[in-house]
Amino acid sequence: MKFRMLTGASVLTAALILSGCSSGSGDAADGGGGGSSELTVWLMRDSVSAAFQKEFTAAFAAAHPDIHLKIQIQEWDGIGQKVTAALASNDAPDVIEVGNTQVAQYAQSGGLLDLSDKKADLGGGAWLRGLAEPGAWEGKQYGIPYYAANRVVIYRKDLFQRAGIDPAALRTRDQWIAATRKLNKGDQQGIYLTGQTWYALAGFVWDEGGDLAVEQNGKWKGALDTPEALAGMEFYKELQALGKGPKDADEANPPQAEVMAKGKVAQIIAVPGGANVVTEQNPALKGKLGFFPVPGKTADKPGAVFTGGSDLVIPAASGHQDAAYIFVKELTGDTWQKKLALAMSYVPNKTSLTSAVASDPGAAAMAVGAAQGHATPNTPGWAAVEADNPIKDYMTAVLTGGDLKREAAKTSEAITRAMNSAS
């Protein structure tokens with residue numbers, strides 16, 4: 001799943017152009033005999049800057065003069081149907097960037113190349129779990145981790161200082177609650193957390209050892225009614241009460257960064273790019289925002305977070321699979337991962353590269369949390385759950401006085417029905 005880095009709403013509007021995919025079959029890099037490859041790559045809007053693309057393309061051309069690289073920037077809106085159509089055609093691009101949680105549905109169709117035997121060559125032992133796991137399907141690796149982003153706590157430095165709170169000391173959820181309670185006074189909200197910020201809930205559920213759904217005997221079953229998931233919801237309820245976030249809306253309604261910009265919110269849970277929106281809305285807050293990882297249940301590790309981001313896949317229909325692999329290896333290798341992370345404030349695809357973003361406070365906080373990154377259940381059926389998302393209604397019901405166990409059981413049943421009806 002790709003994060004919209006600045007706001008919850010998409011800012012991408014341009015149309016996708018499906019023309020100009022793979023060229024003919026003569027491919028020296030693929031052992032086709034003579035000539036050079038024209039390698040068509042689909043990268044998504046905002047995954048690379050123009051400057052990074054120019055630098056990478058020039059270096060790639062110098063290192064691989066027999067491969068002509070043709071990068072086409074695509075839009076996230078409507079991309080699912082377009083990728084599905086491309087994979088089913090005889091004219092697919094050679095490499096496609098896809099949201100990490102989208103890999104399973106594309107792999108299920110049989111349209112992707114199995115890259116399992118390339119994991120060691122690509123340094124797969126150090127891949128971020130939240131990118132690597134959803135990139136696999138039925139024991140085979142189809143998606144190669146590209147970059148990640150996850151939520152952190154964006155906080156007001158001045159309000160923390162005034163309250164005598166050191167954010168670096170907030171290592172546990174109990175410490176975080178105590179600090180947030182101290183900040184929540186008068187018309188100042190300790191935290192702005194809406195009732196339906198379900199990705200944050202997922203992190204608390206994972207912290208407890210639970211999950212949103214589990215697979216049993218080949219069937220998926222909703223798991224919000226397990227003791228672990230119930231404990232995660234209990235913590236969410238306690239934290240959400242330390243502010244005035246609406247109980248019947250998500251973080252995009254209204255956009256939480258805009259709420260923080262009004263000056264009465266000490267913290268939000270968001271991707272670091274949200275800080276840019278806050279200061280754009282209220283320039284007086286420039287220099288007053290900081291970041292720290294979502295605290296964990298215990299001090300020995302940060303809180304679990306949903307890992308958004310992208311994987312790179314090679315269509316089975318690509319006529320230049322060897323050249324495509326060379327491209328994937330270059331872009332996901334350590335050299336260019338470090339450059340990409342610095343250029344775009346992303347988390348690199350390997351835990352071993354965390355130090356690459358040490359100079360960027362927001363990205364550094366993300367990288368710490370990414371070590372405890374998770375993804376939504378790795379099955380095409382999960383899309384049916386998110387389409388109607390009963391988890392949001394469950395959260396609102398509990399926060400407005402509904403019985404926790406009864407509402408959790410009802411929602412788990414809804415998740416079970418949705419996941420299995422889609423399979």
# chains A, B, ... in the order shown; residues from 1 in each chain; ligands from 1
>>> residues_around(residues="range 101-105 of chain A", least_positions_apart="3", cutoff="8 Å", atoms="only C-alpha atoms", output="PyMOL selection string")
chain A and resi 1+98+108-109+134-137+142-143+311+375-376+378-380
>>> write_last_selection(atoms="N, CA and C atoms", output="tab-separated table (two decimals), in the first residue's frame")
chain	number	residue	atom	x	y	z
A	1	MET	N	0.83	-1.18	0.00
A	1	MET	CA	0.00	0.00	0.00
A	1	MET	C	0.87	1.23	0.00
A	98	VAL	N	4.53	-1.54	-7.47
A	98	VAL	CA	3.18	-1.75	-6.96
A	98	VAL	C	3.17	-1.54	-5.45
A	108	GLN	N	-1.62	-13.88	-7.58
A	108	GLN	CA	-2.67	-14.89	-7.68
A	108	GLN	C	-3.11	-15.10	-9.14
A	109	SER	N	-3.04	-14.04	-9.93
A	109	SER	CA	-3.46	-14.13	-11.32
A	109	SER	C	-2.47	-14.89	-12.20
A	134	PRO	N	4.39	-9.13	2.51
A	134	PRO	CA	3.31	-8.99	1.52
A	134	PRO	C	3.80	-9.15	0.09
A	135	GLY	N	5.13	-9.11	-0.13
A	135	GLY	CA	5.67	-9.35	-1.46
A	135	GLY	C	5.72	-10.81	-1.84
A	136	ALA	N	5.41	-11.67	-0.88
A	136	ALA	CA	5.39	-13.12	-1.13
A	136	ALA	C	3.95	-13.61	-1.23
A	137	TRP	N	3.79	-14.71	-1.96
A	137	TRP	CA	2.46	-15.31	-2.11
A	137	TRP	C	2.63	-16.82	-2.23
A	142	TYR	N	7.48	-12.70	-5.05
A	142	TYR	CA	7.21	-12.02	-6.32
A	142	TYR	C	7.58	-10.53	-6.26
A	143	GLY	N	7.37	-9.92	-5.12
A	143	GLY	CA	7.66	-8.50	-4.95
A	143	GLY	C	8.98	-8.28	-4.24
A	311	ASP	N	6.76	-2.37	-3.62
A	311	ASP	CA	7.64	-3.43	-4.10
A	311	ASP	C	7.78	-3.28	-5.60
A	375	ALA	N	2.18	-5.74	7.83
A	375	ALA	CA	1.27	-5.46	6.74
A	375	ALA	C	-0.09	-6.07	7.07
A	376	THR	N	-1.08	-5.66	6.33
A	376	THR	CA	-2.41	-6.25	6.49
A	376	THR	C	-2.37	-7.71	6.02
A	378	ASN	N	-2.07	-11.04	4.26
A	378	ASN	CA	-1.52	-11.21	2.93
A	378	ASN	C	-2.39	-12.16	2.09
A	379	THR	N	-3.46	-11.61	1.61
A	379	THR	CA	-4.40	-12.37	0.78
A	379	THR	C	-5.20	-11.41	-0.07
A	380	PRO	N	-5.54	-11.78	-1.31
A	380	PRO	CA	-6.36	-10.90	-2.14
A	380	PRO	C	-7.70	-10.57	-1.50
>>> residues_around(residues="range 336-343 of chain A", least_positions_apart="3", cutoff="12 Å", atoms="only C-alpha atoms", output="PyMOL selection string")
chain A and resi 46-53+55-57+59-60+127+145-149+327-333+346-364+366-367
>>> select_by_dssp(residues="range 19-234 of chain A", states="strand (DSSP E or B)", output="VMD selection string")
chain A and resid 37 to 44 67 to 74 95 to 99 112 127 136 to 137 140 to 141 144 to 149 152 to 156 172 185 188 to 189 213 to 216 219 to 222
>>> closest_residue(among="A:Leu39, A:Gly402, A:Val313, A:Ala229", to="Ala107 in chain A", atoms="only C-alpha atoms")
A:Val313
>>> closest_residue(among="A:Ala58, A:Val277, A:Ala316, A:Leu224", to="Tyr106 in chain A", atoms="only C-alpha atoms")
A:Ala316
>>> residues_around(residues="range 390-394 of chain A", least_positions_apart="5", cutoff="12 Å", atoms="only C-alpha atoms", output="mmCIF file with N, CA, C and O atoms, in the first residue's frame")
data_model
loop_
_atom_site.group_PDB
_atom_site.id
_atom_site.type_symbol
_atom_site.label_atom_id
_atom_site.label_comp_id
_atom_site.auth_asym_id
_atom_site.auth_seq_id
_atom_site.Cartn_x
_atom_site.Cartn_y
_atom_site.Cartn_z
ATOM 1 N N THR A 194 -8.627 10.383 15.915
ATOM 2 C CA THR A 194 -10.026 10.150 15.587
ATOM 3 C C THR A 194 -10.443 8.739 15.979
ATOM 4 O O THR A 194 -9.612 7.873 16.263
ATOM 5 N N GLY A 195 -11.734 8.511 15.959
ATOM 6 C CA GLY A 195 -12.247 7.210 16.364
ATOM 7 C C GLY A 195 -12.021 6.101 15.373
ATOM 8 O O GLY A 195 -12.143 4.919 15.722
ATOM 9 N N GLN A 196 -11.689 6.452 14.134
ATOM 10 C CA GLN A 196 -11.581 5.429 13.090
ATOM 11 C C GLN A 196 -10.197 5.376 12.445
ATOM 12 O O GLN A 196 -10.060 4.955 11.296
ATOM 13 N N THR A 197 -9.171 5.756 13.169
ATOM 14 C CA THR A 197 -7.806 5.665 12.650
ATOM 15 C C THR A 197 -7.351 4.213 12.808
ATOM 16 O O THR A 197 -6.597 3.856 13.705
ATOM 17 N N TRP A 198 -7.814 3.364 11.907
ATOM 18 C CA TRP A 198 -7.711 1.919 12.129
ATOM 19 C C TRP A 198 -6.301 1.378 11.924
ATOM 20 O O TRP A 198 -5.945 0.331 12.486
ATOM 21 N N TYR A 199 -5.460 2.082 11.175
ATOM 22 C CA TYR A 199 -4.071 1.626 11.057
ATOM 23 C C TYR A 199 -3.344 1.760 12.398
ATOM 24 O O TYR A 199 -2.493 0.935 12.736
ATOM 25 N N ALA A 200 -3.677 2.814 13.160
ATOM 26 C CA ALA A 200 -3.092 2.942 14.493
ATOM 27 C C ALA A 200 -3.582 1.817 15.394
ATOM 28 O O ALA A 200 -2.798 1.231 16.155
ATOM 29 N N LEU A 201 -4.871 1.504 15.326
ATOM 30 C CA LEU A 201 -5.401 0.376 16.100
ATOM 31 C C LEU A 201 -4.673 -0.909 15.742
ATOM 32 O O LEU A 201 -4.308 -1.696 16.624
ATOM 33 N N ALA A 202 -4.441 -1.132 14.457
ATOM 34 C CA ALA A 202 -3.754 -2.357 14.027
ATOM 35 C C ALA A 202 -2.398 -2.485 14.708
ATOM 36 O O ALA A 202 -2.015 -3.568 15.155
ATOM 37 N N LEU A 212 -5.440 -8.777 12.736
ATOM 38 C CA LEU A 212 -6.756 -8.406 12.241
ATOM 39 C C LEU A 212 -7.525 -9.615 11.742
ATOM 40 O O LEU A 212 -8.754 -9.677 11.841
ATOM 41 N N ALA A 213 -6.797 -10.573 11.189
ATOM 42 C CA ALA A 213 -7.388 -11.818 10.694
ATOM 43 C C ALA A 213 -6.295 -12.873 10.662
ATOM 44 O O ALA A 213 -5.106 -12.547 10.569
ATOM 45 N N GLY A 222 -11.698 -13.511 10.790
ATOM 46 C CA GLY A 222 -11.492 -12.273 11.518
ATOM 47 C C GLY A 222 -11.041 -12.563 12.941
ATOM 48 O O GLY A 222 -11.503 -13.519 13.567
ATOM 49 N N ALA A 223 -10.131 -11.722 13.463
ATOM 50 C CA ALA A 223 -9.530 -12.023 14.766
ATOM 51 C C ALA A 223 -9.589 -10.857 15.739
ATOM 52 O O ALA A 223 -8.830 -10.807 16.707
ATOM 53 N N LEU A 224 -10.510 -9.932 15.552
ATOM 54 C CA LEU A 224 -10.602 -8.798 16.466
ATOM 55 C C LEU A 224 -11.185 -9.178 17.817
ATOM 56 O O LEU A 224 -11.130 -8.379 18.762
ATOM 57 N N ASP A 225 -11.758 -10.385 17.921
ATOM 58 C CA ASP A 225 -12.354 -10.814 19.180
ATOM 59 C C ASP A 225 -11.406 -11.652 20.037
ATOM 60 O O ASP A 225 -11.812 -12.197 21.064
ATOM 61 N N ALA A 229 -6.324 -8.841 20.561
ATOM 62 C CA ALA A 229 -6.916 -7.739 19.807
ATOM 63 C C ALA A 229 -7.798 -6.867 20.700
ATOM 64 O O ALA A 229 -7.845 -5.641 20.546
ATOM 65 N N LEU A 230 -8.492 -7.491 21.634
ATOM 66 C CA LEU A 230 -9.318 -6.727 22.572
ATOM 67 C C LEU A 230 -8.452 -5.803 23.426
ATOM 68 O O LEU A 230 -8.820 -4.646 23.685
ATOM 69 N N MET A 233 -7.550 -2.757 21.434
ATOM 70 C CA MET A 233 -8.649 -1.790 21.352
ATOM 71 C C MET A 233 -8.821 -1.048 22.671
ATOM 72 O O MET A 233 -9.142 0.152 22.686
ATOM 73 N N LYS A 237 -8.731 3.029 23.040
ATOM 74 C CA LYS A 237 -9.798 3.788 23.701
ATOM 75 C C LYS A 237 -9.222 4.722 24.753
ATOM 76 O O LYS A 237 -9.634 5.889 24.855
ATOM 77 N N LYS A 247 -15.322 10.624 17.252
ATOM 78 C CA LYS A 247 -15.358 9.168 17.382
ATOM 79 C C LYS A 247 -15.940 8.480 16.156
ATOM 80 O O LYS A 247 -15.850 7.261 16.018
ATOM 81 N N ASP A 248 -16.547 9.248 15.266
ATOM 82 C CA ASP A 248 -17.221 8.658 14.110
ATOM 83 C C ASP A 248 -16.590 9.075 12.787
ATOM 84 O O ASP A 248 -17.245 9.114 11.746
ATOM 85 N N ALA A 249 -15.281 9.398 12.800
ATOM 86 C CA ALA A 249 -14.598 9.826 11.571
ATOM 87 C C ALA A 249 -13.180 9.291 11.577
ATOM 88 O O ALA A 249 -12.656 8.879 12.613
ATOM 89 N N ASP A 250 -12.559 9.290 10.382
ATOM 90 C CA ASP A 250 -11.164 8.867 10.301
ATOM 91 C C ASP A 250 -10.259 10.097 10.244
ATOM 92 O O ASP A 250 -10.734 11.234 10.322
ATOM 93 N N GLU A 251 -8.957 9.855 10.085
ATOM 94 C CA GLU A 251 -7.988 10.940 10.170
ATOM 95 C C GLU A 251 -8.050 11.925 9.009
ATOM 96 O O GLU A 251 -7.437 12.999 9.062
ATOM 97 N N TRP A 382 -8.347 -9.523 1.380
ATOM 98 C CA TRP A 382 -8.352 -8.388 2.285
ATOM 99 C C TRP A 382 -8.913 -7.139 1.621
ATOM 100 O O TRP A 382 -9.491 -6.263 2.284
ATOM 101 N N ALA A 384 -11.515 -6.866 -0.061
ATOM 102 C CA ALA A 384 -12.963 -6.828 0.171
ATOM 103 C C ALA A 384 -13.275 -6.270 1.552
ATOM 104 O O ALA A 384 -14.315 -5.632 1.755
ATOM 105 N N VAL A 385 -12.400 -6.500 2.513
ATOM 106 C CA VAL A 385 -12.600 -5.956 3.857
ATOM 107 C C VAL A 385 -12.459 -4.441 3.825
ATOM 108 O O VAL A 385 -13.303 -3.703 4.343
ATOM 109 N N LEU A 399 -16.156 3.037 21.049
ATOM 110 C CA LEU A 399 -15.837 4.331 21.640
ATOM 111 C C LEU A 399 -17.070 5.101 22.079
ATOM 112 O O LEU A 399 -16.975 6.032 22.891
ATOM 113 N N THR A 400 -18.227 4.734 21.543
ATOM 114 C CA THR A 400 -19.465 5.421 21.925
ATOM 115 C C THR A 400 -20.306 4.588 22.884
ATOM 116 O O THR A 400 -21.506 4.825 23.035
ATOM 117 N N GLY A 401 -19.672 3.594 23.516
ATOM 118 C CA GLY A 401 -20.351 2.878 24.590
ATOM 119 C C GLY A 401 -20.770 1.462 24.295
ATOM 120 O O GLY A 401 -21.328 0.780 25.169
ATOM 121 N N GLY A 402 -20.525 0.964 23.101
ATOM 122 C CA GLY A 402 -20.885 -0.407 22.767
ATOM 123 C C GLY A 402 -20.054 -1.418 23.538
ATOM 124 O O GLY A 402 -18.927 -1.127 23.955
ATOM 125 N N ASP A 403 -20.610 -2.613 23.725
ATOM 126 C CA ASP A 403 -19.903 -3.671 24.437
ATOM 127 C C ASP A 403 -18.722 -4.163 23.603
ATOM 128 O O ASP A 403 -18.892 -4.568 22.448
ATOM 129 N N LEU A 404 -17.516 -4.113 24.174
ATOM 130 C CA LEU A 404 -16.293 -4.419 23.436
ATOM 131 C C LEU A 404 -16.323 -5.828 22.845
ATOM 132 O O LEU A 404 -16.084 -6.019 21.644
ATOM 133 N N LYS A 405 -16.599 -6.811 23.665
ATOM 134 C CA LYS A 405 -16.545 -8.200 23.188
ATOM 135 C C LYS A 405 -17.624 -8.485 22.148
ATOM 136 O O LYS A 405 -17.361 -9.157 21.141
ATOM 137 N N ARG A 406 -18.811 -7.975 22.381
ATOM 138 C CA ARG A 406 -19.900 -8.225 21.428
ATOM 139 C C ARG A 406 -19.614 -7.563 20.078
ATOM 140 O O ARG A 406 -19.793 -8.175 19.017
ATOM 141 N N GLU A 407 -19.153 -6.315 20.111
ATOM 142 C CA GLU A 407 -18.862 -5.608 18.857
ATOM 143 C C GLU A 407 -17.684 -6.248 18.130
ATOM 144 O O GLU A 407 -17.675 -6.336 16.893
ATOM 145 N N ALA A 408 -16.682 -6.713 18.884
ATOM 146 C CA ALA A 408 -15.522 -7.357 18.264
ATOM 147 C C ALA A 408 -15.921 -8.662 17.590
ATOM 148 O O ALA A 408 -15.450 -8.972 16.478
ATOM 149 N N ALA A 409 -16.774 -9.446 18.246
ATOM 150 C CA ALA A 409 -17.220 -10.711 17.657
ATOM 151 C C ALA A 409 -18.021 -10.467 16.386
ATOM 152 O O ALA A 409 -17.836 -11.160 15.370
ATOM 153 N N LYS A 410 -18.886 -9.462 16.422
ATOM 154 C CA LYS A 410 -19.701 -9.136 15.247
ATOM 155 C C LYS A 410 -18.815 -8.688 14.079
ATOM 156 O O LYS A 410 -19.025 -9.103 12.921
ATOM 157 N N THR A 411 -17.815 -7.883 14.381
ATOM 158 C CA THR A 411 -16.932 -7.383 13.323
ATOM 159 C C THR A 411 -16.032 -8.491 12.790
ATOM 160 O O THR A 411 -15.757 -8.556 11.580
ATOM 161 N N SER A 412 -15.581 -9.381 13.664
ATOM 162 C CA SER A 412 -14.766 -10.513 13.207
ATOM 163 C C SER A 412 -15.554 -11.382 12.237
ATOM 164 O O SER A 412 -15.012 -11.870 11.236
ATOM 165 N N GLU A 413 -16.819 -11.566 12.505
ATOM 166 C CA GLU A 413 -17.668 -12.339 11.589
ATOM 167 C C GLU A 413 -17.805 -11.637 10.247
ATOM 168 O O GLU A 413 -17.783 -12.279 9.184
ATOM 169 N N ALA A 414 -17.923 -10.307 10.275
ATOM 170 C CA ALA A 414 -18.026 -9.549 9.021
ATOM 171 C C ALA A 414 -16.736 -9.658 8.215
ATOM 172 O O ALA A 414 -16.754 -9.798 6.978
ATOM 173 N N ILE A 415 -15.611 -9.605 8.889
ATOM 174 C CA ILE A 415 -14.326 -9.759 8.213
ATOM 175 C C ILE A 415 -14.210 -11.146 7.606
ATOM 176 O O ILE A 415 -13.770 -11.317 6.446
ATOM 177 N N THR A 416 -14.602 -12.164 8.327
ATOM 178 C CA THR A 416 -14.561 -13.544 7.830
ATOM 179 C C THR A 416 -15.393 -13.686 6.562
ATOM 180 O O THR A 416 -14.929 -14.264 5.562
ATOM 181 N N ARG A 417 -16.599 -13.154 6.591
ATOM 182 C CA ARG A 417 -17.479 -13.250 5.407
ATOM 183 C C ARG A 417 -16.860 -12.546 4.208
ATOM 184 O O ARG A 417 -16.850 -13.081 3.093
ATOM 185 N N ALA A 418 -16.346 -11.334 4.438
ATOM 186 C CA ALA A 418 -15.793 -10.558 3.328
ATOM 187 C C ALA A 418 -14.581 -11.236 2.707
ATOM 188 O O ALA A 418 -14.458 -11.324 1.474
ATOM 189 N N MET A 419 -13.689 -11.745 3.541
ATOM 190 C CA MET A 419 -12.450 -12.342 3.018
ATOM 191 C C MET A 419 -12.711 -13.616 2.252
ATOM 192 O O MET A 419 -12.094 -13.876 1.213
#
>>> residues_around(residues="range 78-85 of chain A", least_positions_apart="3", cutoff="10 Å", atoms="only C-alpha atoms", output="ChimeraX atom specification")
/A:13,15-18,42,44,74-75,88-93,96-99,102,105-106,109,111,315
>>> residues_around(residues="range 290-293 of chain A", least_positions_apart="3", cutoff="9 Å", atoms="only C-alpha atoms", output="number ranges by chain")
A: 151-157, 167-168, 170-171, 272, 275, 287, 296, 302-303, 361-369
>>> closest_residue(among="A:Ala63, A:Ile144, A:Ala387, A:Ile268", to="Lys244 in chain A", atoms="only C-alpha atoms")
A:Ile268
>>> select_by_dssp(residues="range 131-301 of chain A", states="helix (DSSP H, G or I)", output="ChimeraX atom specification")
/A:131-132,157-162,167-169,173-183,198-207,227-240,256-261,274-281,283-285
>>> atom_distance(atom1="CA of Asn100 in chain A", atom2="CA of Gln372 in chain A")
15.9 Å
>>> closest_residue(among="A:Val305, A:Ser310, A:Ser318, A:Leu239", to="Trp76 in chain A", atoms="only C-alpha atoms")
A:Ser310
>>> atom_distance(atom1="CA of Trp206 in chain A", atom2="CA of Ala179 in chain A")
22.5 Å
>>> atom_distance(atom1="CA of Val41 in chain A", atom2="CA of Ile71 in chain A")
4.8 Å
>>> residues_around(residues="Thr298 in chain A", least_positions_apart="5", cutoff="12 Å", atoms="only C-alpha atoms", output="list in words")
Leu170, Arg171, Thr172, Arg173, Asp174, Gln175, Trp176, Asp207, Glu208, Gly303 and Ala304 of chain A
>>> write_last_selection(atoms="C-alpha atoms", output="JSON list (two decimals), in the first residue's frame")
[["chain", "number", "residue", "atom", "x", "y", "z"],
["A", 170, "LEU", "CA", 8.72, 8.04, 26.01],
["A", 171, "ARG", "CA", 9.74, 4.44, 25.39],
["A", 172, "THR", "CA", 6.61, 2.63, 26.59],
["A", 173, "ARG", "CA", 2.90, 3.06, 26.05],
["A", 174, "ASP", "CA", 2.41, 3.71, 29.78],
["A", 175, "GLN", "CA", 4.92, 6.57, 29.64],
["A", 176, "TRP", "CA", 3.22, 7.90, 26.53],
["A", 207, "ASP", "CA", 1.86, -5.06, 19.89],
["A", 208, "GLU", "CA", -0.33, -7.36, 21.95],
["A", 303, "GLY", "CA", 5.49, 0.03, 18.77],
["A", 304, "ALA", "CA", 4.31, -2.02, 15.84]]
>>> residues_around(residues="Glu280 in chain A", least_positions_apart="5", cutoff="10 Å", atoms="only C-alpha atoms", output="NGL selection string")
:A and (257-258 or 261 or 274-275 or 285-286)
